[in-house]
Amino acid sequence: MFPGRYIQGPDALRHLGKEVKRFGKQGFIIADPFVNDELLPGYLPEIKKEAGIATESLKGECSDKEIQRLMKLVQDNKSDVVIGFGGGKTIDTAKAVAHETKKPMIIIPSIASTDAPCSALSVIYTEGGEVDRYLFLLKNPEVVIVDTQIVANSPTRFLIAGRGDALATWFEAES
């Protein structure tokens, strides 16, 4: 299964405002702390020309407690779409929040070492970081935006891990 739209290239993140606008007026970004502090500030002014955006950093694990906290923020913000921006844990959390609030989801991976962006699955952990369960989602993300400049600038170990993950996924798909 694939996302509804897939946008890839250098500076692809600049399309986020237009993509949010396809679903409404207000987006809610759940981001890795690094993404929220270091990457988003340079893009937000341009994105906000197209749509309203609120941001929140992921705190801890993709756990029921964190999902509930973020669901409340999405609802309080009257968001039309949930956006996950970061690595696998952040993306899985955003997908779970979108699923539980019945909102469309836009996913923006910041590294190449995860296959979370396009899947209809979230891995839910305990507060202590142990796998609790798998949340099977009803649909894949509506939009996946891969800004190749951001992914290329991530630490080399994540690119290498991504190559390994791609090979493992290929064998999983074959079986």
# chains A, B, ... in the order shown; residues from 1 in each chain; ligands from 1

call {"tool": "residues_around", "arguments": {"residues": "segment 86-95 of chain A", "least_positions_apart": "6", "cutoff": "8 Å", "atoms": "only C-alpha atoms", "output": "PyMOL selection string"}}
result
chain A and resi 30-32+35+58+61-63+66-67+105+107-111+113-117+121-124+141

call {"tool": "closest_residue", "arguments": {"among": "A:Gly52, A:Gly17, A:Pro10, A:Pro33", "to": "Lys78 of chain A", "atoms": "only C-alpha atoms"}}
result
A:Gly52

call {"tool": "select_by_dssp", "arguments": {"residues": "chain A", "states": "strand (DSSP E)", "output": "MDAnalysis selection string"}}
result
chainID A and resid 5:9 26:31 52:57 81:86 105:109 121:125 131:136 143:147

call {"tool": "atom_distance", "arguments": {"atom1": "atom CA of Gly128 of chain A", "atom2": "atom CA of Gly84 of chain A"}}
result
21.9 Å

call {"tool": "residues_around", "arguments": {"residues": "Ala12 of chain A", "least_positions_apart": "4", "cutoff": "9 Å", "atoms": "only C-alpha atoms", "output": "list in words"}}
result
Ile7, Gln8, Leu16, Ile145, Val146, Asp147, Thr148 and Gln149 of chain A

call {"tool": "residues_around", "arguments": {"residues": "His15 of chain A", "least_positions_apart": "4", "cutoff": "12 Å", "atoms": "only C-alpha atoms", "output": "ChimeraX atom specification"}}
result
/A:5-11,19-22,43-44,46-51,106,108,143-147

call {"tool": "atom_distance", "arguments": {"atom1": "atom CA of Asn153 of chain A", "atom2": "atom CA of Phe34 of chain A"}}
result
13.1 Å

call {"tool": "closest_residue", "arguments": {"among": "A:His99, A:Lys59, A:Lys139, A:Lys72", "to": "Asn36 of chain A", "atoms": "only C-alpha atoms"}}
result
A:Lys59
